[in-house]
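Peer 1: To be precise about what I am sending: the file is called query-v4.txt and holds compact mmCIF, C-alpha atoms and all ligand atoms.
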```txt
# COMPACT_ATOMS: atom_id res chain seq x y z
CA MET A 5 10.49 57.76 -70.88
CA ALA A 6 6.78 58.47 -71.36
CA GLY A 7 5.75 61.81 -69.92
CA GLU A 8 9.31 63.19 -69.73
CA PRO A 9 9.96 66.78 -70.87
CA GLN A 10 10.76 67.15 -74.56
CA THR A 11 13.53 69.58 -75.47
CA ASP A 12 11.73 70.78 -78.60
CA CYS A 13 8.31 71.30 -76.92
CA LEU A 14 7.03 74.84 -76.37
CA PHE A 15 4.69 73.87 -73.53
CA CYS A 16 7.38 71.83 -71.71
CA LYS A 17 9.42 75.07 -71.80
CA ILE A 18 6.49 76.98 -70.25
CA VAL A 19 6.29 74.30 -67.52
CA SER A 20 10.03 74.66 -66.83
CA GLY A 21 9.88 78.48 -66.94
CA ASP A 22 12.27 78.72 -69.90
CA ILE A 23 9.52 80.50 -71.88
CA PRO A 24 7.40 83.04 -70.00
CA ALA A 25 3.62 82.86 -69.85
CA THR A 26 0.85 84.63 -67.99
CA ILE A 27 0.10 81.87 -65.52
CA VAL A 28 -3.33 82.08 -63.87
CA ARG A 29 -3.35 78.82 -61.91
CA GLU A 30 -0.89 76.08 -61.02
CA SER A 31 -1.38 72.72 -59.29
CA ALA A 32 1.00 69.88 -58.51
CA THR A 33 0.29 68.35 -61.91
CA THR A 34 -0.96 71.21 -64.13
CA VAL A 35 -0.33 74.78 -65.28
CA ALA A 36 -2.97 77.18 -66.66
CA PHE A 37 -1.92 80.26 -68.65
CA ARG A 38 -3.45 82.78 -71.06
CA ASP A 39 -3.33 81.95 -74.75
CA ILE A 40 -0.97 84.29 -76.62
CA ASN A 41 -3.57 84.71 -79.40
CA PRO A 42 -6.90 84.77 -77.57
CA GLN A 43 -10.02 83.79 -79.50
CA ALA A 44 -12.44 84.99 -76.80
CA PRO A 45 -12.36 87.42 -73.85
CA THR A 46 -11.28 84.45 -71.71
CA HIS A 47 -8.93 82.05 -73.48
CA VAL A 48 -6.80 80.02 -71.07
CA LEU A 49 -4.82 76.86 -71.78
CA VAL A 50 -4.63 74.15 -69.11
CA ILE A 51 -1.75 71.73 -69.59
CA PRO A 52 -0.39 68.76 -67.68
CA LYS A 53 3.20 69.22 -66.48
CA VAL A 54 4.02 65.83 -68.01
CA HIS A 55 4.46 65.64 -71.78
CA TYR A 56 1.95 63.63 -73.81
CA PRO A 57 1.15 64.62 -77.38
CA ASP A 58 -2.63 64.82 -76.98
CA ALA A 59 -5.51 64.39 -74.55
CA ALA A 60 -6.22 60.76 -75.41
CA SER A 61 -2.63 59.60 -74.89
CA LEU A 62 -2.52 61.53 -71.61
CA ALA A 63 -5.76 59.90 -70.44
CA ALA A 64 -4.53 56.43 -71.42
CA ALA A 65 -1.23 56.80 -69.55
CA GLU A 66 -2.18 59.10 -66.65
CA PRO A 67 -5.94 59.12 -66.08
CA GLN A 68 -5.71 61.02 -62.79
CA ILE A 69 -3.70 63.81 -64.41
CA ALA A 70 -6.20 63.96 -67.28
CA ALA A 71 -8.89 64.41 -64.63
CA ASP A 72 -6.77 67.10 -62.97
CA VAL A 73 -6.71 69.02 -66.29
CA LEU A 74 -10.52 68.98 -66.37
CA THR A 75 -10.80 69.97 -62.71
CA GLU A 76 -8.45 72.91 -63.30
CA ALA A 77 -10.36 73.90 -66.46
CA GLY A 78 -13.49 74.17 -64.33
CA ALA A 79 -11.61 76.17 -61.71
CA VAL A 80 -10.33 78.57 -64.38
CA ALA A 81 -13.92 79.08 -65.56
CA ALA A 82 -15.00 79.88 -62.00
CA ASP A 83 -12.01 82.23 -61.44
CA GLU A 84 -12.82 84.04 -64.70
CA LYS A 85 -16.54 84.18 -63.79
CA ILE A 86 -17.60 82.57 -67.06
CA ASP A 87 -19.10 79.52 -65.37
CA SER A 88 -22.51 81.21 -65.08
CA THR A 89 -22.62 82.42 -68.72
CA GLY A 90 -21.19 79.29 -70.28
CA TYR A 91 -17.82 78.25 -71.61
CA ARG A 92 -16.21 75.62 -73.77
CA ILE A 93 -13.38 73.15 -73.05
CA ILE A 94 -11.66 72.07 -76.28
CA PHE A 95 -8.92 69.53 -76.96
CA ASN A 96 -7.90 69.94 -80.59
CA THR A 97 -6.44 66.57 -81.57
CA GLY A 98 -4.42 66.20 -84.77
CA SER A 99 -3.37 68.83 -87.29
CA GLY A 100 -6.62 68.33 -89.25
CA ALA A 101 -8.50 69.59 -86.18
CA GLY A 102 -6.20 72.57 -85.70
CA GLN A 103 -3.72 71.15 -83.19
CA THR A 104 -0.42 73.02 -83.55
CA VAL A 105 1.29 72.26 -80.23
CA PHE A 106 1.71 68.55 -79.59
CA HIS A 107 1.67 68.70 -75.79
CA ALA A 108 -1.81 67.92 -74.46
CA HIS A 109 -3.79 71.05 -73.59
CA ALA A 110 -7.35 72.10 -72.87
CA HIS A 111 -8.55 75.42 -74.26
CA VAL A 112 -11.01 77.15 -71.89
CA LEU A 113 -12.99 79.70 -73.90
CA GLY A 114 -15.74 82.03 -72.77
CA GLY A 115 -16.88 85.56 -72.14
CA ARG A 116 -18.75 85.84 -75.44
CA GLY A 117 -21.46 83.90 -77.23
CA LEU A 118 -20.09 80.65 -78.65
CA GLN A 119 -21.53 79.14 -81.82
CA TRP A 120 -22.49 75.50 -82.10
CA PRO A 121 -21.28 73.53 -83.96
CA PRO A 122 -17.77 75.05 -83.99
CA GLY A 123 -15.99 75.47 -87.30
P1 LIG A 201 -3.69 74.18 -80.64
O1 LIG A 201 -3.76 74.92 -81.96
O2 LIG A 201 -2.52 73.21 -80.63
O3 LIG A 201 -4.96 73.53 -80.20
O4 LIG A 201 -3.42 75.27 -79.54
C1 LIG A 201 -2.17 75.85 -79.32
C2 LIG A 201 -2.44 77.21 -78.73
O5 LIG A 201 -1.21 77.67 -78.17
C3 LIG A 201 -2.88 78.25 -79.74
O6 LIG A 201 -4.15 78.75 -79.38
C4 LIG A 201 -1.79 79.34 -79.67
O7 LIG A 201 -2.30 80.65 -79.76
C5 LIG A 201 -1.15 79.06 -78.33
N1 LIG A 201 0.25 79.43 -78.26
C6 LIG A 201 1.20 79.18 -79.19
N2 LIG A 201 2.39 79.62 -78.77
C7 LIG A 201 2.19 80.17 -77.54
C8 LIG A 201 3.06 80.81 -76.59
O8 LIG A 201 4.27 80.95 -76.77
N3 LIG A 201 2.50 81.25 -75.44
C9 LIG A 201 1.16 81.09 -75.19
N4 LIG A 201 0.72 81.58 -74.02
N5 LIG A 201 0.31 80.51 -76.05
C10 LIG A 201 0.83 80.05 -77.22
ZN ZN A 202 5.76 69.05 -73.87
```
Using the file provided, produce a representation of the structure as structure tokens.
Peer 2:
Amino acid sequence: MAGEPQTDCLFCKIVSGDIPATIVRESATTVAFRDINPQAPTHVLVIPKVHYPDAASLAAAEPQIAADVLTEAGAVAADEKIDSTGYRIIFNTGSGAGQTVFHAHAHVLGGRGLQWPPG
């Protein structure tokens, strides 16, 4: 069924607790945890607990949960005190854009100067 946990999905295993992560926030519908390979002083991933392969499919099927991901991304930025200096929310979509885990996730990056446009 759409949104059900996938046995071969790394982030579903973080949601279930089968794989450990440094969780910084959790809501009824989302989990936020530190990226294992941080690209900035703050690099947190916000994921929906339900499994959808990318942000657009999540938004199409579960718009409220997609909104929850954005709300939590903003809360992470406030918790990390990067909201005043600026931060970036990124949804890599497709392998050509650097997506490697096909469970929707927002990267929240900040704590250093961020170039625009990104590479
Ligand atoms: P993507 O490349 O799909 O946009 O982002 C996937 C992110 O997941 C990468 O930044 C990568 O460092 C992170 N990642 C991969 N495996 C793990 C893991 O086991 N634990 C955590 N916390 N992050 C991971
Ligand atoms: Zn998943």
Peer 1: Just give me the gap between atom N3 of ligand LIG 201 (chain A) and CA of Glu8 in chain A in Å, one decimal is fine.
Peer 2: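 Distance between the two atoms: 20.1 Å.
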Peer 1: What's the separation between CA of Asn96 in chain A and CA of Pro67 in chain A, in Å to one decimal place?
Peer 2: 18.2 Å
Peer 1: Looking at A:Val80, A:Ala44, A:Val35, A:Ala59, which one is nearest to Gly98 in chain A, with distances taken over only C-alpha atoms?
Peer 2: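 Smallest distance to Gly98 in chain A is found for A:Ala59.
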Peer 1: Compare A:Ala70, A:Cys13, A:Ala82, A:Leu113 by their minimum atom-to-atom distance to ligand ZN 202 (chain A), counting only C-alpha atoms and all ligand atoms, and give me the closest one.
Peer 2: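 Ranked by minimum distance to ligand ZN 202 (chain A), first place goes to A:Cys13.
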Peer 1: Just checking: using all atoms listed in the file, which residue out of A:Ile40, A:Leu118, A:Ile93, A:Cys16 ends up closest to Lys53 in chain A?
Peer 2: A:Cys16
Peer 1: Would you tabulate, counting all atoms listed in the file, all residues of chain A that have an atom at most 9 Å from an atom of ligand ZN 202 (chain A), showing the closest pair of atoms and their distance in Å to one decimal, sorted by chain then ascending number, as a Markdown table?
Peer 2:
```
| residue | atom | partner | partner_atom | distance |
| --- | --- | --- | --- | --- |
| A:Gly7 | CA | A:ZN202 | ZN | 8.2 |
| A:Glu8 | CA | A:ZN202 | ZN | 8.0 |
| A:Pro9 | CA | A:ZN202 | ZN | 5.6 |
| A:Gln10 | CA | A:ZN202 | ZN | 5.4 |
| A:Thr11 | CA | A:ZN202 | ZN | 8.0 |
| A:Asp12 | CA | A:ZN202 | ZN | 7.8 |
| A:Cys13 | CA | A:ZN202 | ZN | 4.6 |
| A:Leu14 | CA | A:ZN202 | ZN | 6.4 |
| A:Phe15 | CA | A:ZN202 | ZN | 4.9 |
| A:Cys16 | CA | A:ZN202 | ZN | 3.9 |
| A:Lys17 | CA | A:ZN202 | ZN | 7.3 |
| A:Ile18 | CA | A:ZN202 | ZN | 8.7 |
| A:Val19 | CA | A:ZN202 | ZN | 8.3 |
| A:Pro52 | CA | A:ZN202 | ZN | 8.7 |
| A:Lys53 | CA | A:ZN202 | ZN | 7.8 |
| A:Val54 | CA | A:ZN202 | ZN | 6.9 |
| A:His55 | CA | A:ZN202 | ZN | 4.2 |
| A:Tyr56 | CA | A:ZN202 | ZN | 6.6 |
| A:Pro57 | CA | A:ZN202 | ZN | 7.3 |
| A:Val105 | CA | A:ZN202 | ZN | 8.4 |
| A:Phe106 | CA | A:ZN202 | ZN | 7.0 |
| A:His107 | CA | A:ZN202 | ZN | 4.5 |
| A:Ala108 | CA | A:ZN202 | ZN | 7.7 |
```
Peer 1: Convert the current residue selection to file output with C-alpha atoms, as a CSV table (one decimal), in the coordinates of the input.
Peer 2:
```
chain,number,residue,atom,x,y,z
A,7,GLY,CA,5.8,61.8,-69.9
A,8,GLU,CA,9.3,63.2,-69.7
A,9,PRO,CA,10.0,66.8,-70.9
A,10,GLN,CA,10.8,67.2,-74.6
A,11,THR,CA,13.5,69.6,-75.5
A,12,ASP,CA,11.7,70.8,-78.6
A,13,CYS,CA,8.3,71.3,-76.9
A,14,LEU,CA,7.0,74.8,-76.4
A,15,PHE,CA,4.7,73.9,-73.5
A,16,CYS,CA,7.4,71.8,-71.7
A,17,LYS,CA,9.4,75.1,-71.8
A,18,ILE,CA,6.5,77.0,-70.2
A,19,VAL,CA,6.3,74.3,-67.5
A,52,PRO,CA,-0.4,68.8,-67.7
A,53,LYS,CA,3.2,69.2,-66.5
A,54,VAL,CA,4.0,65.8,-68.0
A,55,HIS,CA,4.5,65.6,-71.8
A,56,TYR,CA,2.0,63.6,-73.8
A,57,PRO,CA,1.2,64.6,-77.4
A,105,VAL,CA,1.3,72.3,-80.2
A,106,PHE,CA,1.7,68.6,-79.6
A,107,HIS,CA,1.7,68.7,-75.8
A,108,ALA,CA,-1.8,67.9,-74.5
```
Peer 1: So the first atom is atom C10 of ligand LIG 201 (chain A) and the second is CA of Ala65 in chain A; what is the distance between them in Å, to one decimal place?
Peer 2: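 Computed distance, atom C10 of ligand LIG 201 (chain A) to CA of Ala65 in chain A, equals 24.6 Å.
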Peer 1: For a quick check of understanding, using only C-alpha atoms and all ligand atoms, which of A:Gly78, A:Gly123, A:Gly90, A:Pro24 has the smallest distance to ligand LIG 201 (chain A)?
Peer 2: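 Nearest to ligand LIG 201 (chain A): A:Pro24.
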Peer 1: Can I get the residues close to ligand LIG 201 (chain A) as a VMD selection string, where close means within 6 Å and we count all atoms listed in the file?
Peer 2: chain A and resid 25 38 to 41 96 102 to 105
Peer 1: How would the residues just chosen look if you wrote them out with C-alpha atoms as a PDB file, in the coordinates of the input?
Peer 2:
```
ATOM      1  CA  ALA A  25       3.620  82.860 -69.850  1.00  0.00           C
ATOM      2  CA  ARG A  38      -3.450  82.780 -71.060  1.00  0.00           C
ATOM      3  CA  ASP A  39      -3.330  81.950 -74.750  1.00  0.00           C
ATOM      4  CA  ILE A  40      -0.970  84.290 -76.620  1.00  0.00           C
ATOM      5  CA  ASN A  41      -3.570  84.710 -79.400  1.00  0.00           C
ATOM      6  CA  ASN A  96      -7.900  69.940 -80.590  1.00  0.00           C
ATOM      7  CA  GLY A 102      -6.200  72.570 -85.700  1.00  0.00           C
ATOM      8  CA  GLN A 103      -3.720  71.150 -83.190  1.00  0.00           C
ATOM      9  CA  THR A 104      -0.420  73.020 -83.550  1.00  0.00           C
ATOM     10  CA  VAL A 105       1.290  72.260 -80.230  1.00  0.00           C
TER      11      VAL A 105
END
```
Peer 1: For Gly117 in chain A, which residue among A:Ile94, A:Ile27, A:Gly100, A:Thr46 is the nearest when counting only C-alpha atoms?
Peer 2: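 Looking only at the distances to Gly117 in chain A, the closest residue turns out to be A:Thr46.
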Peer 1: So that I can see what lies close to Glu76 in chain A, please list as a list in words the residues with an atom at most 9 Å from it, counting only C-alpha atoms and leaving out residues fewer than 2 positions away in the same chain.
Peer 2: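 Result of the neighbour search: Arg29, Glu30, Ser31, Thr34, Val35, Ala36, Val50, Ala71, Asp72, Val73, Leu74, Gly78, Ala79, Val80 and Ala81 of chain A.
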Peer 1: Could you please take those selected residues and save C-alpha atoms as a CSV table (one decimal), in the coordinates of the input?
Peer 2:
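Okay, this is what ended up in out_23.csv:
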```
chain,number,residue,atom,x,y,z
A,29,ARG,CA,-3.4,78.8,-61.9
A,30,GLU,CA,-0.9,76.1,-61.0
A,31,SER,CA,-1.4,72.7,-59.3
A,34,THR,CA,-1.0,71.2,-64.1
A,35,VAL,CA,-0.3,74.8,-65.3
A,36,ALA,CA,-3.0,77.2,-66.7
A,50,VAL,CA,-4.6,74.2,-69.1
A,71,ALA,CA,-8.9,64.4,-64.6
A,72,ASP,CA,-6.8,67.1,-63.0
A,73,VAL,CA,-6.7,69.0,-66.3
A,74,LEU,CA,-10.5,69.0,-66.4
A,78,GLY,CA,-13.5,74.2,-64.3
A,79,ALA,CA,-11.6,76.2,-61.7
A,80,VAL,CA,-10.3,78.6,-64.4
A,81,ALA,CA,-13.9,79.1,-65.6
```
Peer 1: Select, from A:Asp22, A:Pro45, A:Ala6, A:Gln119, the residue with the minimum atom-to-atom distance to Glu84 in chain A, counting all atoms listed in the file.
Peer 2: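 When distances to Glu84 in chain A are compared using all atoms listed in the file, the smallest one comes from A:Pro45.
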Peer 1: Residues at most 6 Å from Val112 in chain A, counting all atoms listed in the file, excluding those fewer than 2 positions away in the same chain, as number ranges by chain?
Peer 2: A: 47-48, 92-93
Peer 1: Please rebuild range 57-68 of chain A with all heavy atoms and return the result as a PDB file, in the frame of the given file.
Peer 2:
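As a result, selection-v6.pdb now contains:
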```
ATOM      1  N   PRO A  57       1.431  63.834 -76.177  1.00  0.00           N
ATOM      2  CA  PRO A  57       1.150  64.620 -77.380  1.00  0.00           C
ATOM      3  C   PRO A  57      -0.300  65.096 -77.503  1.00  0.00           C
ATOM      4  O   PRO A  57      -0.558  66.092 -78.173  1.00  0.00           O
ATOM      5  CB  PRO A  57       1.532  63.699 -78.528  1.00  0.00           C
ATOM      6  CG  PRO A  57       1.615  62.330 -77.953  1.00  0.00           C
ATOM      7  CD  PRO A  57       1.937  62.492 -76.500  1.00  0.00           C
ATOM      8  N   ASP A  58      -1.223  64.408 -76.864  1.00  0.00           N
ATOM      9  CA  ASP A  58      -2.630  64.820 -76.980  1.00  0.00           C
ATOM     10  C   ASP A  58      -3.420  64.301 -75.786  1.00  0.00           C
ATOM     11  O   ASP A  58      -2.897  63.544 -74.954  1.00  0.00           O
ATOM     12  CB  ASP A  58      -3.250  64.370 -78.312  1.00  0.00           C
ATOM     13  CG  ASP A  58      -3.133  62.877 -78.514  1.00  0.00           C
ATOM     14  OD1 ASP A  58      -3.252  62.125 -77.531  1.00  0.00           O
ATOM     15  OD2 ASP A  58      -2.902  62.462 -79.667  1.00  0.00           O
ATOM     16  N   ALA A  59      -4.683  64.706 -75.715  1.00  0.00           N
ATOM     17  CA  ALA A  59      -5.510  64.390 -74.550  1.00  0.00           C
ATOM     18  C   ALA A  59      -5.726  62.886 -74.398  1.00  0.00           C
ATOM     19  O   ALA A  59      -5.706  62.354 -73.278  1.00  0.00           O
ATOM     20  CB  ALA A  59      -6.854  65.111 -74.668  1.00  0.00           C
ATOM     21  N   ALA A  60      -5.928  62.187 -75.511  1.00  0.00           N
ATOM     22  CA  ALA A  60      -6.220  60.760 -75.410  1.00  0.00           C
ATOM     23  C   ALA A  60      -5.011  59.971 -74.901  1.00  0.00           C
ATOM     24  O   ALA A  60      -5.160  59.056 -74.070  1.00  0.00           O
ATOM     25  CB  ALA A  60      -6.669  60.222 -76.776  1.00  0.00           C
ATOM     26  N   SER A  61      -3.811  60.323 -75.370  1.00  0.00           N
ATOM     27  CA  SER A  61      -2.630  59.600 -74.890  1.00  0.00           C
ATOM     28  C   SER A  61      -2.357  59.932 -73.425  1.00  0.00           C
ATOM     29  O   SER A  61      -1.912  59.074 -72.649  1.00  0.00           O
ATOM     30  CB  SER A  61      -1.411  59.860 -75.778  1.00  0.00           C
ATOM     31  OG  SER A  61      -1.100  61.230 -75.813  1.00  0.00           O
ATOM     32  N   LEU A  62      -2.638  61.174 -73.028  1.00  0.00           N
ATOM     33  CA  LEU A  62      -2.520  61.530 -71.610  1.00  0.00           C
ATOM     34  C   LEU A  62      -3.494  60.698 -70.776  1.00  0.00           C
ATOM     35  O   LEU A  62      -3.121  60.111 -69.747  1.00  0.00           O
ATOM     36  CB  LEU A  62      -2.812  63.027 -71.411  1.00  0.00           C
ATOM     37  CG  LEU A  62      -2.942  63.487 -69.954  1.00  0.00           C
ATOM     38  CD1 LEU A  62      -1.603  63.415 -69.223  1.00  0.00           C
ATOM     39  CD2 LEU A  62      -3.522  64.904 -69.884  1.00  0.00           C
ATOM     40  N   ALA A  63      -4.741  60.626 -71.205  1.00  0.00           N
ATOM     41  CA  ALA A  63      -5.760  59.900 -70.440  1.00  0.00           C
ATOM     42  C   ALA A  63      -5.436  58.418 -70.342  1.00  0.00           C
ATOM     43  O   ALA A  63      -5.677  57.784 -69.306  1.00  0.00           O
ATOM     44  CB  ALA A  63      -7.131  60.104 -71.086  1.00  0.00           C
ATOM     45  N   ALA A  64      -4.874  57.855 -71.427  1.00  0.00           N
ATOM     46  CA  ALA A  64      -4.530  56.430 -71.420  1.00  0.00           C
ATOM     47  C   ALA A  64      -3.403  56.140 -70.431  1.00  0.00           C
ATOM     48  O   ALA A  64      -3.418  55.126 -69.734  1.00  0.00           O
ATOM     49  CB  ALA A  64      -4.138  55.992 -72.824  1.00  0.00           C
ATOM     50  N   ALA A  65      -2.417  57.049 -70.376  1.00  0.00           N
ATOM     51  CA  ALA A  65      -1.230  56.800 -69.550  1.00  0.00           C
ATOM     52  C   ALA A  65      -1.402  57.291 -68.118  1.00  0.00           C
ATOM     53  O   ALA A  65      -0.887  56.678 -67.177  1.00  0.00           O
ATOM     54  CB  ALA A  65      -0.019  57.485 -70.177  1.00  0.00           C
ATOM     55  N   GLU A  66      -2.100  58.418 -67.952  1.00  0.00           N
ATOM     56  CA  GLU A  66      -2.180  59.100 -66.650  1.00  0.00           C
ATOM     57  C   GLU A  66      -3.609  59.604 -66.424  1.00  0.00           C
ATOM     58  O   GLU A  66      -3.871  60.808 -66.455  1.00  0.00           O
ATOM     59  CB  GLU A  66      -1.210  60.306 -66.625  1.00  0.00           C
ATOM     60  CG  GLU A  66       0.247  59.956 -66.755  1.00  0.00           C
ATOM     61  CD  GLU A  66       0.872  59.519 -65.442  1.00  0.00           C
ATOM     62  OE1 GLU A  66       0.136  59.409 -64.428  1.00  0.00           O
ATOM     63  OE2 GLU A  66       2.090  59.290 -65.432  1.00  0.00           O
ATOM     64  N   PRO A  67      -4.544  58.690 -66.176  1.00  0.00           N
ATOM     65  CA  PRO A  67      -5.940  59.120 -66.080  1.00  0.00           C
ATOM     66  C   PRO A  67      -6.197  60.145 -64.976  1.00  0.00           C
ATOM     67  O   PRO A  67      -7.042  61.035 -65.154  1.00  0.00           O
ATOM     68  CB  PRO A  67      -6.716  57.815 -65.848  1.00  0.00           C
ATOM     69  CG  PRO A  67      -5.689  56.772 -65.533  1.00  0.00           C
ATOM     70  CD  PRO A  67      -4.407  57.234 -66.124  1.00  0.00           C
ATOM     71  N   GLN A  68      -5.476  60.044 -63.864  1.00  0.00           N
ATOM     72  CA  GLN A  68      -5.710  61.020 -62.790  1.00  0.00           C
ATOM     73  C   GLN A  68      -5.274  62.410 -63.229  1.00  0.00           C
ATOM     74  O   GLN A  68      -5.941  63.413 -62.920  1.00  0.00           O
ATOM     75  CB  GLN A  68      -4.982  60.609 -61.512  1.00  0.00           C
ATOM     76  CG  GLN A  68      -5.204  61.585 -60.359  1.00  0.00           C
ATOM     77  CD  GLN A  68      -6.696  61.795 -60.039  1.00  0.00           C
ATOM     78  OE1 GLN A  68      -7.404  60.839 -59.751  1.00  0.00           O
ATOM     79  NE2 GLN A  68      -7.169  63.052 -60.106  1.00  0.00           N
TER      80      GLN A  68
END
```
